[in-house]
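Peer 1: structure-v8.csv is reproduced below (CSV, C-alpha atoms and all ligand atoms).
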```
chain,number,residue,atom,x,y,z
A,1,MET,CA,240.2,5.1,150.5
A,2,PHE,CA,239.7,6.7,153.9
A,3,ARG,CA,242.7,8.3,155.5
A,4,ASN,CA,243.9,6.5,158.7
A,5,PHE,CA,245.4,9.6,160.2
A,6,LYS,CA,247.9,10.2,162.9
A,7,THR,CA,247.2,12.6,165.7
A,8,VAL,CA,249.3,14.1,168.5
A,9,ASN,CA,250.1,11.5,171.2
A,10,ARG,CA,249.8,13.7,174.2
A,11,PHE,CA,248.2,17.0,175.2
A,12,VAL,CA,248.5,19.0,178.4
A,13,PHE,CA,246.1,22.0,178.7
A,14,GLY,CA,245.7,24.6,181.4
A,15,ARG,CA,246.9,28.0,182.6
A,16,GLY,CA,250.5,27.6,183.9
A,17,CYS,CA,251.0,24.0,182.5
A,18,PHE,CA,254.2,25.2,180.8
A,19,ASN,CA,255.8,24.8,184.3
A,20,GLN,CA,255.4,21.0,183.8
A,21,LEU,CA,257.5,20.9,180.7
A,22,ASP,CA,260.7,19.7,182.5
A,23,ASP,CA,258.7,16.8,184.0
A,24,ILE,CA,257.1,16.0,180.7
A,25,LEU,CA,260.4,15.8,178.9
A,26,ALA,CA,262.3,13.9,181.5
A,27,PRO,CA,261.2,10.4,180.4
A,28,GLN,CA,262.5,11.2,176.8
A,29,ARG,CA,266.0,11.7,178.0
A,30,THR,CA,268.1,8.5,177.8
A,31,ALA,CA,271.7,7.7,178.6
A,32,ASP,CA,272.6,7.7,175.0
A,33,CYS,CA,270.6,10.8,174.0
A,34,PRO,CA,270.1,13.0,177.1
A,35,ASP,CA,270.0,16.4,175.4
A,36,MET,CA,267.0,18.5,174.3
A,37,VAL,CA,267.0,21.1,171.6
A,38,PHE,CA,264.7,24.0,172.3
A,39,VAL,CA,263.8,25.9,169.2
A,40,VAL,CA,262.6,29.3,170.4
A,41,ASP,CA,261.3,32.3,168.6
A,42,ASP,CA,263.9,35.0,169.1
A,43,VAL,CA,261.3,37.6,170.1
A,44,PHE,CA,261.5,36.0,173.5
A,45,LYS,CA,265.3,36.7,173.9
A,46,GLY,CA,265.7,38.6,177.1
A,47,GLN,CA,262.0,38.2,178.0
A,48,SER,CA,260.7,36.4,181.1
A,49,LEU,CA,259.9,33.2,179.0
A,50,GLN,CA,263.6,32.7,178.3
A,51,GLU,CA,264.2,32.1,182.1
A,52,ARG,CA,261.4,29.6,182.1
A,53,VAL,CA,262.7,27.3,179.4
A,54,PRO,CA,263.7,24.2,181.4
A,55,LEU,CA,267.3,23.8,180.1
A,56,ARG,CA,269.3,21.0,181.6
A,57,ALA,CA,273.1,20.6,181.5
A,58,ASP,CA,273.9,20.1,177.8
A,59,ASP,CA,270.6,21.1,176.3
A,60,LEU,CA,270.8,23.4,173.3
A,61,LEU,CA,268.8,26.6,173.1
A,62,LEU,CA,268.4,27.5,169.4
A,63,TRP,CA,267.0,31.0,168.8
A,64,VAL,CA,265.2,31.1,165.5
A,65,ASN,CA,264.2,34.2,163.5
A,66,VAL,CA,260.8,34.0,161.9
A,67,ASP,CA,260.5,37.5,160.5
A,68,ASN,CA,260.3,35.6,157.2
A,69,GLU,CA,258.4,32.4,157.1
A,70,PRO,CA,260.5,29.2,157.2
A,71,LYS,CA,262.6,28.5,154.2
A,72,THR,CA,264.1,25.1,153.3
A,73,ALA,CA,267.6,26.6,153.3
A,74,TYR,CA,267.0,27.9,156.8
A,75,VAL,CA,265.8,24.4,158.0
A,76,ASP,CA,268.9,22.8,156.5
A,77,ARG,CA,271.2,25.3,158.2
A,78,LEU,CA,269.6,24.8,161.6
A,79,THR,CA,269.7,21.0,161.2
A,80,THR,CA,273.4,21.2,160.4
A,81,GLU,CA,273.9,23.4,163.5
A,82,VAL,CA,272.1,20.8,165.7
A,83,ARG,CA,274.1,18.0,164.2
A,84,LYS,CA,277.4,19.9,164.9
A,85,ALA,CA,276.3,20.6,168.5
A,86,MET,CA,275.5,16.9,169.0
A,87,THR,CA,278.8,15.8,167.6
A,88,GLU,CA,280.6,18.1,170.0
A,89,ARG,CA,278.6,16.4,172.8
A,90,ARG,CA,279.5,12.9,171.3
A,91,ARG,CA,275.8,12.2,170.8
A,92,ALA,CA,274.2,10.7,167.6
A,93,LEU,CA,270.9,12.6,168.1
A,94,PRO,CA,269.2,14.8,170.6
A,95,ALA,CA,266.5,13.4,172.9
A,96,GLY,CA,264.0,15.7,171.4
A,97,VAL,CA,263.3,19.0,169.6
A,98,ILE,CA,260.9,21.4,171.4
A,99,GLY,CA,259.4,24.3,169.4
A,100,ILE,CA,258.3,27.3,171.4
A,101,GLY,CA,256.6,30.1,169.5
A,102,GLY,CA,253.9,30.6,166.8
A,103,GLY,CA,253.3,28.5,163.7
A,104,SER,CA,256.6,29.3,162.1
A,105,ALA,CA,258.7,28.3,165.2
A,106,MET,CA,256.6,25.1,165.6
A,107,ASP,CA,257.1,24.3,161.9
A,108,LEU,CA,260.8,24.8,162.2
A,109,ALA,CA,260.9,22.4,165.2
A,110,LYS,CA,258.9,19.8,163.2
A,111,ALA,CA,261.2,20.2,160.1
A,112,ILE,CA,264.4,19.9,162.2
A,113,SER,CA,263.2,16.8,164.0
A,114,LEU,CA,262.5,15.2,160.6
A,115,MET,CA,265.7,16.3,158.9
A,116,LEU,CA,267.8,14.9,161.7
A,117,THR,CA,266.9,11.4,160.7
A,118,ASN,CA,266.3,11.8,156.9
A,119,PRO,CA,269.2,12.5,154.5
A,120,GLY,CA,269.4,15.4,152.0
A,121,SER,CA,267.7,18.7,152.0
A,122,SER,CA,264.3,19.5,153.4
A,123,ALA,CA,263.4,20.7,149.9
A,124,ASP,CA,263.5,17.1,148.8
A,125,TYR,CA,260.6,16.3,151.0
A,126,GLN,CA,258.2,19.1,150.2
A,127,GLY,CA,255.1,17.2,149.2
A,128,TRP,CA,253.0,14.3,150.5
A,129,ASP,CA,254.4,11.2,152.4
A,130,LEU,CA,258.0,11.5,151.1
A,131,ILE,CA,259.6,11.2,154.5
A,132,ARG,CA,261.1,7.7,155.0
A,133,HIS,CA,262.3,7.6,158.6
A,134,PRO,CA,260.6,8.5,161.9
A,135,ALA,CA,261.5,11.9,163.3
A,136,VAL,CA,263.3,12.6,166.6
A,137,TYR,CA,260.8,13.1,169.4
A,138,HIS,CA,259.3,16.6,169.0
A,139,ALA,CA,257.0,18.7,171.1
A,140,ALA,CA,255.3,22.1,170.7
A,141,VAL,CA,254.5,25.0,173.0
A,142,PRO,CA,252.4,27.5,171.1
A,143,THR,CA,252.7,31.2,172.0
A,144,LEU,CA,250.2,32.2,169.3
A,145,SER,CA,247.0,30.5,168.4
A,146,GLY,CA,245.2,30.0,165.1
A,147,THR,CA,247.5,28.2,162.6
A,148,GLY,CA,246.7,24.7,163.9
A,149,ALA,CA,250.4,23.9,163.4
A,150,GLU,CA,250.2,22.3,166.8
A,151,VAL,CA,248.0,19.5,165.4
A,152,SER,CA,248.7,19.4,161.7
A,153,ARG,CA,250.7,16.7,159.8
A,154,THR,CA,252.6,19.3,157.8
A,155,THR,CA,255.4,21.8,158.2
A,156,VAL,CA,255.0,24.5,155.7
A,157,LEU,CA,258.2,25.6,154.0
A,158,THR,CA,259.2,27.9,151.2
A,159,GLY,CA,261.7,26.2,148.9
A,160,PRO,CA,263.6,27.2,145.8
A,161,GLU,CA,260.6,26.3,143.5
A,162,LYS,CA,257.6,26.2,145.7
A,163,LYS,CA,255.8,26.9,149.0
A,164,LEU,CA,254.7,23.5,150.1
A,165,GLY,CA,254.7,21.5,153.3
A,166,ILE,CA,256.4,18.4,154.3
A,167,ASN,CA,253.2,16.4,154.9
A,168,SER,CA,253.7,13.0,156.7
A,169,ASP,CA,252.5,11.1,159.7
A,170,TYR,CA,256.0,11.5,161.1
A,171,THR,CA,255.6,15.3,161.0
A,172,VAL,CA,252.9,15.2,163.7
A,173,PHE,CA,254.1,16.3,167.2
A,174,ASP,CA,254.5,13.7,170.0
A,175,GLN,CA,253.5,16.2,172.6
A,176,VAL,CA,251.7,19.5,172.7
A,177,VAL,CA,251.7,21.9,175.7
A,178,LEU,CA,248.7,24.2,175.6
A,179,ASP,CA,249.1,27.0,178.1
A,180,PRO,CA,246.7,29.9,177.4
A,181,GLU,CA,248.8,32.2,179.6
A,182,LEU,CA,251.6,32.1,176.9
A,183,ILE,CA,249.5,33.6,174.2
A,184,ALA,CA,248.4,36.6,176.3
A,185,GLY,CA,251.4,38.8,175.3
A,186,ALA,CA,251.0,38.5,171.5
A,187,PRO,CA,250.8,41.9,169.7
A,188,ARG,CA,247.1,42.7,168.9
A,189,GLU,CA,247.3,42.6,165.1
A,190,GLN,CA,249.4,39.4,165.1
A,191,ARG,CA,246.8,37.8,167.5
A,192,PHE,CA,244.0,38.8,165.1
A,193,TYR,CA,245.6,37.7,161.9
A,194,THR,CA,246.7,34.4,163.4
A,195,GLY,CA,243.1,33.9,164.8
A,196,MET,CA,241.7,34.7,161.3
A,197,ASP,CA,243.8,31.8,159.9
A,198,CYS,CA,241.7,29.6,162.2
A,199,TYR,CA,238.5,31.3,161.3
A,200,ILE,CA,239.3,30.8,157.6
A,201,HIS,CA,240.2,27.1,158.2
A,202,CYS,CA,236.7,26.7,159.6
A,203,VAL,CA,234.9,28.5,156.7
A,204,GLU,CA,236.9,26.7,154.1
A,205,SER,CA,236.4,23.3,155.7
A,206,LEU,CA,232.7,23.7,156.5
A,207,THR,CA,231.8,24.9,152.9
A,208,GLY,CA,234.1,22.5,151.1
A,209,THR,CA,233.2,19.5,149.0
A,210,TYR,CA,235.4,17.2,151.2
A,211,LEU,CA,233.2,18.0,154.3
A,212,ASN,CA,232.2,15.0,156.5
A,213,ALA,CA,230.7,14.7,160.0
A,214,PHE,CA,234.2,14.4,161.5
A,215,SER,CA,235.4,17.7,160.1
A,216,GLN,CA,232.1,19.3,160.6
A,217,ALA,CA,232.0,18.5,164.3
A,218,TYR,CA,235.4,20.1,164.9
A,219,GLY,CA,234.8,22.9,162.4
A,220,GLU,CA,231.5,24.0,163.9
A,221,LYS,CA,232.9,24.2,167.5
A,222,SER,CA,236.0,26.0,166.3
A,223,LEU,CA,233.9,28.5,164.3
A,224,ALA,CA,231.7,29.2,167.4
A,225,LEU,CA,234.7,29.8,169.6
A,226,CYS,CA,236.2,32.2,166.9
A,227,GLN,CA,232.8,34.1,166.9
A,228,GLU,CA,233.0,34.4,170.7
A,229,VAL,CA,236.6,35.6,170.7
A,230,PHE,CA,236.4,38.0,167.8
A,231,LEU,CA,232.8,39.3,167.8
A,232,GLN,CA,232.1,39.6,171.6
A,233,ASP,CA,233.9,41.5,174.3
A,234,THR,CA,237.1,40.0,175.7
A,235,THR,CA,236.6,37.8,178.8
A,236,PRO,CA,239.1,36.3,181.2
A,237,ASP,CA,239.0,33.0,179.3
A,238,SER,CA,239.2,34.4,175.7
A,239,ASP,CA,242.7,33.0,175.3
A,240,ASP,CA,241.6,29.6,176.5
A,241,LYS,CA,238.9,29.7,173.9
A,242,LEU,CA,241.2,30.9,171.1
A,243,MET,CA,243.7,28.1,171.9
A,244,MET,CA,241.0,25.5,171.7
A,245,ALA,CA,239.6,27.1,168.5
A,246,SER,CA,243.0,26.6,166.9
A,247,TYR,CA,243.2,23.0,167.9
A,248,PHE,CA,239.7,22.2,166.7
A,249,GLY,CA,240.1,24.1,163.5
A,250,GLY,CA,243.3,22.2,162.8
A,251,MET,CA,241.5,18.9,163.5
A,252,SER,CA,238.7,20.0,161.1
A,253,ILE,CA,241.0,20.6,158.2
A,254,ALA,CA,243.0,17.4,159.0
A,255,TYR,CA,240.2,15.4,157.7
A,256,SER,CA,238.9,17.8,155.0
A,257,GLN,CA,241.0,20.5,153.4
A,258,VAL,CA,241.3,24.3,153.1
A,259,GLY,CA,240.2,26.3,150.1
A,260,VAL,CA,240.5,29.4,147.9
A,261,ALA,CA,241.9,31.8,150.5
A,262,HIS,CA,244.7,29.4,151.4
A,263,ALA,CA,245.6,28.6,147.8
A,264,MET,CA,245.9,32.2,146.9
A,265,SER,CA,247.6,33.2,150.1
A,266,TYR,CA,250.4,30.7,149.2
A,267,GLY,CA,251.0,32.7,146.0
A,268,LEU,CA,251.1,36.0,147.9
A,269,SER,CA,253.5,34.5,150.4
A,270,PHE,CA,255.9,33.0,147.8
A,271,VAL,CA,256.3,36.1,145.7
A,272,LEU,CA,255.8,38.9,148.3
A,273,GLY,CA,256.8,37.2,151.5
A,274,VAL,CA,253.4,38.0,153.1
A,275,HIS,CA,252.9,36.0,156.3
A,276,HIS,CA,250.2,33.3,156.3
A,277,GLY,CA,247.6,34.8,158.6
A,278,ILE,CA,247.7,38.3,157.1
A,279,GLY,CA,247.9,36.8,153.6
A,280,ASN,CA,244.8,34.7,154.2
A,281,SER,CA,243.0,37.8,155.5
A,282,ILE,CA,244.0,40.0,152.6
A,283,VAL,CA,242.7,37.4,150.1
A,284,PHE,CA,239.6,36.5,152.0
A,285,ASP,CA,238.3,40.0,151.8
A,286,TYR,CA,238.0,39.6,148.0
A,287,LEU,CA,236.2,36.2,148.1
A,288,ASP,CA,232.5,37.3,148.5
A,289,ASP,CA,231.7,35.1,145.4
A,290,PHE,CA,233.0,32.0,147.1
A,291,TYR,CA,232.3,32.5,150.8
A,292,PRO,CA,229.6,35.2,151.1
A,293,GLU,CA,228.5,34.6,154.7
A,294,GLY,CA,232.1,34.0,155.9
A,295,VAL,CA,233.4,37.1,154.3
A,296,ALA,CA,230.5,39.2,155.7
A,297,GLU,CA,231.2,37.9,159.2
A,298,PHE,CA,235.0,38.4,158.8
A,299,ARG,CA,234.4,42.1,158.0
A,300,GLN,CA,232.4,42.4,161.3
A,301,MET,CA,235.4,40.9,163.1
A,302,LEU,CA,237.7,43.4,161.4
A,303,ASP,CA,235.4,46.2,162.6
A,304,LYS,CA,234.9,44.9,166.1
A,305,GLN,CA,238.7,44.4,166.6
A,306,GLY,CA,239.6,47.8,164.9
A,307,ILE,CA,241.9,46.2,162.3
A,308,ALA,CA,242.6,47.9,158.9
A,309,LEU,CA,243.7,45.4,156.2
A,310,PRO,CA,246.7,46.4,154.1
A,311,ARG,CA,245.8,47.3,150.5
A,312,GLY,CA,247.5,47.8,147.2
A,313,LEU,CA,250.0,44.9,147.6
A,314,THR,CA,250.1,44.1,143.9
A,315,ALA,CA,249.9,47.7,142.6
A,316,ASN,CA,253.4,47.8,141.2
A,317,ILE,CA,254.0,44.1,140.6
A,318,THR,CA,255.6,43.0,137.3
A,319,ASP,CA,253.8,40.6,135.0
A,320,ASP,CA,256.4,37.9,135.6
A,321,ARG,CA,255.9,38.0,139.3
A,322,LEU,CA,252.2,38.0,139.0
A,323,GLU,CA,252.4,34.9,136.8
A,324,THR,CA,254.5,33.2,139.4
A,325,MET,CA,251.9,34.0,142.0
A,326,VAL,CA,249.2,32.5,139.8
A,327,ASN,CA,251.4,29.4,139.2
A,328,VAL,CA,252.0,28.8,142.9
A,329,ALA,CA,248.3,29.1,143.7
A,330,LEU,CA,247.3,26.7,140.9
A,331,MET,CA,249.7,24.1,142.2
A,332,LEU,CA,247.5,23.4,145.1
A,333,ASN,CA,245.0,21.0,143.5
A,334,PRO,CA,243.4,19.5,146.6
A,335,LEU,CA,242.5,22.9,147.9
A,336,TRP,CA,240.8,24.0,144.7
A,337,GLU,CA,239.0,20.7,144.4
A,338,ASN,CA,237.8,20.9,148.0
A,339,ALA,CA,236.6,24.5,147.4
A,340,LEU,CA,235.0,24.2,144.0
A,341,GLY,CA,234.6,20.5,143.2
A,342,LYS,CA,236.2,18.2,140.6
A,343,ASP,CA,235.6,20.6,137.7
A,344,TRP,CA,237.3,23.5,139.5
A,345,GLN,CA,239.5,24.4,136.6
A,346,GLN,CA,236.4,25.5,134.7
A,347,ILE,CA,235.5,27.8,137.5
A,348,MET,CA,238.8,29.1,138.6
A,349,THR,CA,240.7,30.0,135.4
A,350,ARG,CA,244.1,31.6,135.3
A,351,ASP,CA,242.5,34.9,134.2
A,352,ARG,CA,240.1,34.9,137.2
A,353,ILE,CA,243.0,34.3,139.7
A,354,ARG,CA,245.1,37.0,138.0
A,355,ASP,CA,242.2,39.4,138.2
A,356,LEU,CA,241.7,38.7,141.9
A,357,TYR,CA,245.4,39.2,142.6
A,358,ARG,CA,245.4,42.5,140.7
A,359,ARG,CA,242.7,43.9,143.0
A,360,MET,CA,244.7,43.2,146.2
A,401,FE,FE,246.1,28.2,157.6
```
The structure given in the file should be rewritten as structure tokens.
Peer 2:
Amino acid sequence: MFRNFKTVNRFVFGRGCFNQLDDILAPQRTADCPDMVFVVDDVFKGQSLQERVPLRADDLLLWVNVDNEPKTAYVDRLTTEVRKAMTERRRALPAGVIGIGGGSAMDLAKAISLMLTNPGSSADYQGWDLIRHPAVYHAAVPTLSGTGAEVSRTTVLTGPEKKLGINSDYTVFDQVVLDPELIAGAPREQRFYTGMDCYIHCVESLTGTYLNAFSQAYGEKSLALCQEVFLQDTTPDSDDKLMMASYFGGMSIAYSQVGVAHAMSYGLSFVLGVHHGIGNSIVFDYLDDFYPEGVAEFRQMLDKQGIALPRGLTANITDDRLETMVNVALMLNPLWENALGKDWQQIMTRDRIRDLYRRM
């Protein structure tokens, strides 16, 4: 069976297009549900972006902290907060949930919009197609590029037992606002590691067994844009290119899959709380056996951008925690199958994964 997959309904792209957000949201506000919820990364508190959020009368500005990647408990707490605010306004639901920030802030906005219309805890929905009811209208304004969260059908959450996304057609954003000016202020290392998430999406998609012409078309363009951005000198339109690389990289994996770096990065993240982009980069540096060309080029990018990868993460790790890391990585069947084929368990044994982790 071929997947009949859902994409974002509307995109706006261009420098300064964030100024159109109020106009874009206006038709979503109805008499019964007039209020928007803006889910904004709290690094922007007191920054110029705060003043530009188009808040109307009873809109809710929800500052979110993403020092740690989103947890299901945090999503549940934020959803309760939104419900309470809507009850105070005598509204059943908000008109929409707008995520402003990087991958984590966008994922929180997706998760809240889903949990406002689906009962229980977000942990109940970690998996594939478990969501039953359509989400509240939700839109994204990325301020970092690379994760592809703006186009993906998942919101990646760490729950009590696993790190796994809520994957569903309802997860996909209704609207995305791509304004390259908004990613200009990102810290240098964060920009790099988030960009490497995109680069690794491309390598894993383009070398995977799930590859097809659809994924290849997007993946090759995204890869070429990453090479321009990270191997050549910065130009005035580098941010425009990075933003489009992220979008195309996300579209590439939407119809294929990621691979070894992502599977192992999930383990690092679950046990040590390492963020996605940096976790992927740390893992990728040990994957010469699987992605020789990609890893060689990645090292050129590290060099060109003057980035030193963290080392020795697992030096003092207990055996128990290491086993948990291996378990989390091994849970991600489709990623391994894409990377190594149907017989992946013969290639990637527990011992081999454990050995790789020990080197990091
Ligand atoms: Fe990723």
Peer 1: Please return, as an MDAnalysis selection string, all polymer residues that have at least one atom within 6 Å of the point (260.3, 21.3, 165.9); use all atoms listed in the file and the file's own coordinate frame.
Peer 2: chainID A and resid 97:99 106:113 138
Peer 1: Go through A:Asp58, A:Asp22, A:Asp233, A:Asp67 one by one, measure the shortest atom-to-atom distance of each to Gly273 in chain A using all atoms listed in the file, and give the residue with the smallest value.
Peer 2: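 Among A:Asp58, A:Asp22, A:Asp233, A:Asp67, it is A:Asp67 that comes nearest to Gly273 in chain A.
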Peer 1: In terms of the shortest atom-to-atom distance over all atoms listed in the file, which of A:Glu150, A:Asp179, A:Glu69, A:Asp289 is closest to Phe248 in chain A?
Peer 2: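 Under the stated criterion, the closest residue is A:Glu150.
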Peer 1: Here is a test: counting only C-alpha atoms, which residue of A:Glu228, A:Glu181, A:Glu337, A:Asp129 is nearest to Glu204 in chain A?
Peer 2: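 Using only C-alpha atoms, the shortest distance to Glu204 in chain A belongs to A:Glu337.
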Peer 1: Mind listing the residues within 10 Å of ligand FE 401 (chain A), all atoms listed in the file counted, as an mmCIF file with C-alpha atoms, in the frame of the given file?
Peer 2:
```
data_model
loop_
_atom_site.group_PDB
_atom_site.id
_atom_site.type_symbol
_atom_site.label_atom_id
_atom_site.label_comp_id
_atom_site.auth_asym_id
_atom_site.auth_seq_id
_atom_site.Cartn_x
_atom_site.Cartn_y
_atom_site.Cartn_z
ATOM 1 C CA GLY A 103 253.300 28.500 163.700
ATOM 2 C CA GLY A 146 245.200 30.000 165.100
ATOM 3 C CA THR A 147 247.500 28.200 162.600
ATOM 4 C CA GLY A 148 246.700 24.700 163.900
ATOM 5 C CA ALA A 149 250.400 23.900 163.400
ATOM 6 C CA VAL A 156 255.000 24.500 155.700
ATOM 7 C CA THR A 194 246.700 34.400 163.400
ATOM 8 C CA GLY A 195 243.100 33.900 164.800
ATOM 9 C CA MET A 196 241.700 34.700 161.300
ATOM 10 C CA ASP A 197 243.800 31.800 159.900
ATOM 11 C CA CYS A 198 241.700 29.600 162.200
ATOM 12 C CA TYR A 199 238.500 31.300 161.300
ATOM 13 C CA ILE A 200 239.300 30.800 157.600
ATOM 14 C CA HIS A 201 240.200 27.100 158.200
ATOM 15 C CA CYS A 202 236.700 26.700 159.600
ATOM 16 C CA GLU A 204 236.900 26.700 154.100
ATOM 17 C CA SER A 246 243.000 26.600 166.900
ATOM 18 C CA GLY A 249 240.100 24.100 163.500
ATOM 19 C CA GLY A 250 243.300 22.200 162.800
ATOM 20 C CA ILE A 253 241.000 20.600 158.200
ATOM 21 C CA VAL A 258 241.300 24.300 153.100
ATOM 22 C CA GLY A 259 240.200 26.300 150.100
ATOM 23 C CA ALA A 261 241.900 31.800 150.500
ATOM 24 C CA HIS A 262 244.700 29.400 151.400
ATOM 25 C CA ALA A 263 245.600 28.600 147.800
ATOM 26 C CA SER A 265 247.600 33.200 150.100
ATOM 27 C CA TYR A 266 250.400 30.700 149.200
ATOM 28 C CA HIS A 276 250.200 33.300 156.300
ATOM 29 C CA GLY A 277 247.600 34.800 158.600
ATOM 30 C CA GLY A 279 247.900 36.800 153.600
ATOM 31 C CA ASN A 280 244.800 34.700 154.200
#
```
Peer 1: Interatomic distance between CA of Val82 in chain A and CA of Cys33 in chain A?
Peer 2: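 If I compute the distance from CA of Val82 in chain A to CA of Cys33 in chain A, I get 13.1 Å.
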Peer 1: So that I can see what lies close to Ala315 in chain A, please list as a list in words the residues with an atom at most 8 Å from it, counting all atoms listed in the file and leaving out residues fewer than 2 positions away in the same chain.
Peer 2: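 Residues meeting the cut-off are Gly312, Leu313, Ile317, Arg358 and Met360 of chain A.
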Peer 1: From the list A:Asp169, A:Asn65, A:Lys163, A:His275, which residue is nearest Met325 in chain A when using only C-alpha atoms?
Peer 2: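 Of the candidates, the smallest distance to Met325 in chain A is held by A:Lys163.
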Peer 1: Which value, in Å to one decimal, gives the distance between CA of Val176 in chain A and CA of Thr155 in chain A?
Peer 2: 15.1 Å
Peer 1: Tell me which of A:Lys221, A:Lys6, A:Arg77, A:Arg299 sits closest to Phe173 in chain A, counting all atoms listed in the file.
Peer 2: A:Lys6
Peer 1: One number please: CA of Tyr247 in chain A to CA of Ala213 in chain A, in Å, one decimal.
Peer 2: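 Computing the Euclidean distance for CA of Tyr247 in chain A and CA of Ala213 in chain A yields 17.0 Å.
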Peer 1: Find the residues around Gly120 in chain A up to 12 Å (all atoms listed in the file counted), leave out those fewer than 3 positions away in its own chain, and share them as a list in words.
Peer 2: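 Surrounding residues, per the criterion: Thr72, Ala73, Val75, Asp76, Arg77, Thr79, Thr80, Leu114, Met115, Leu116, Thr117, Ala123, Asp124, Tyr125, Gln126, Ile131 and Arg132 of chain A.
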Peer 1: Which polymer residues have any atom within 9 Å of an atom of Arg359 in chain A, counting all atoms listed in the file, with same-chain residues fewer than 2 positions away left out, as a list of chain:residue names?
Peer 2: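 Neighbouring residues, sequence-local ones excluded: A:Tyr286, A:Arg311, A:Gly312, A:Leu313, A:Thr314, A:Ala315, A:Arg354, A:Asp355, A:Leu356, A:Tyr357.
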Peer 1: Just the residues within 12 Å of Phe214 in chain A, please, counting all atoms listed in the file, with nothing from its chain fewer than 4 positions along; format it as a PyMOL selection string.
Peer 2: chain A and resi 205-206+210+218-221+248-249+251-256
Peer 1: I'd like to know which of A:Lys342, A:Arg29, A:Arg52, A:Lys241 is closest to Leu225 in chain A, using only C-alpha atoms.
Peer 2: A:Lys241
Peer 1: Just the residues within 7 Å of range 37-47 of chain A, please, counting all atoms listed in the file, with nothing from its chain fewer than 3 positions along; format it as a PyMOL selection string.
Peer 2: chain A and resi 50+59-66+94+96-101+105+109
Peer 1: Please write as a PyMOL selection string the list of polymer residues whose atoms come within 12 Å of (240.8, 40.7, 177.2), counting all atoms listed in the file and keeping to the coordinates of the file.
Peer 2: chain A and resi 181+183-186+188+191+228-230+232-242+305
